[in-house]
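S.K.: I'd like to ask you about the structure that follows.
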Amino acid sequence: MKTIIYSALISLVAGSAAFASVQPIPGSITYGNTDVQLEKAPVGSTFFHTFANGDGRDVREIYKVNPDKSVTLVNRTVSNAS
């Protein structure tokens with residue numbers, strides 16, 4: 001019985017993590033192009049990308065370099081100033 005409950009909880013958490021992932025928006029490096037690859041960046045490193053969105057606020061994104069040299073968007077913040 002405990003195994004079934006643990007399996008259900010693990011499935012729920014895994015599904016929630018996929019649902020909560022940050023999605024690219026216009027201006028994001030990976031927006032419309034998921035094949036972004038970096039040649040010289042160390043695996044596991046992170047980098048920032050900052051751009052202005054349509055209403056004049058600054059958007060700052062954090063990307064992580066994957067083992068295959070692709071990048072994953074992991075966080076986004078938007079400034080309050082407009």
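Letters A, B, ... mark the chains of the structure tokens in the order given; residue numbers begin at 1 per chain; ligand numbers begin at 1, in order shown.
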Any chance you could tabulate, as JSON lines, the residues of segment 18-46 of chain A at most 7 Å from segment 53-76 of chain A with each one's nearest atom pair and distance in Å to one decimal, using only C-alpha atoms, in chain and rising number order?
M.R.:
```
{"residue": "A:Val22", "atom": "CA", "partner": "A:Val74", "partner_atom": "CA", "distance": 6.2}
{"residue": "A:Asp35", "atom": "CA", "partner": "A:Ser70", "partner_atom": "CA", "distance": 6.9}
{"residue": "A:Val36", "atom": "CA", "partner": "A:Ser70", "partner_atom": "CA", "distance": 5.7}
{"residue": "A:Gln37", "atom": "CA", "partner": "A:Ser70", "partner_atom": "CA", "distance": 4.4}
{"residue": "A:Leu38", "atom": "CA", "partner": "A:Lys69", "partner_atom": "CA", "distance": 5.4}
{"residue": "A:Glu39", "atom": "CA", "partner": "A:Lys69", "partner_atom": "CA", "distance": 6.7}
{"residue": "A:Val43", "atom": "CA", "partner": "A:Val65", "partner_atom": "CA", "distance": 5.3}
{"residue": "A:Gly44", "atom": "CA", "partner": "A:Val65", "partner_atom": "CA", "distance": 5.2}
{"residue": "A:Ser45", "atom": "CA", "partner": "A:Val65", "partner_atom": "CA", "distance": 5.6}
{"residue": "A:Thr46", "atom": "CA", "partner": "A:Lys64", "partner_atom": "CA", "distance": 4.4}
```
S.K.: Next, write the just-selected residues to a file, as an mmCIF file, in the first residue's frame, keeping C-alpha atoms as the atom set.
M.R.:
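To be explicit, this is the file written out as out_38.cif:
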```cif
data_model
loop_
_atom_site.group_PDB
_atom_site.id
_atom_site.type_symbol
_atom_site.label_atom_id
_atom_site.label_comp_id
_atom_site.auth_asym_id
_atom_site.auth_seq_id
_atom_site.Cartn_x
_atom_site.Cartn_y
_atom_site.Cartn_z
ATOM 1 C CA VAL A 22 9.348 28.588 -17.323
ATOM 2 C CA ASP A 35 17.841 24.114 -30.990
ATOM 3 C CA VAL A 36 20.062 26.736 -29.336
ATOM 4 C CA GLN A 37 23.528 25.246 -28.697
ATOM 5 C CA LEU A 38 26.607 26.811 -27.092
ATOM 6 C CA GLU A 39 30.058 25.656 -28.156
ATOM 7 C CA VAL A 43 28.190 22.126 -18.798
ATOM 8 C CA GLY A 44 26.083 23.101 -15.787
ATOM 9 C CA SER A 45 27.001 26.776 -15.985
ATOM 10 C CA THR A 46 24.345 29.479 -16.009
#
```
S.K.: I'd like the interatomic distance between atom CA of Pro24 of chain A and atom CA of Phe48 of chain A, to a tenth of an Å.
M.R.: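 Result for atom CA of Pro24 of chain A versus atom CA of Phe48 of chain A: 13.9 Å, one decimal.
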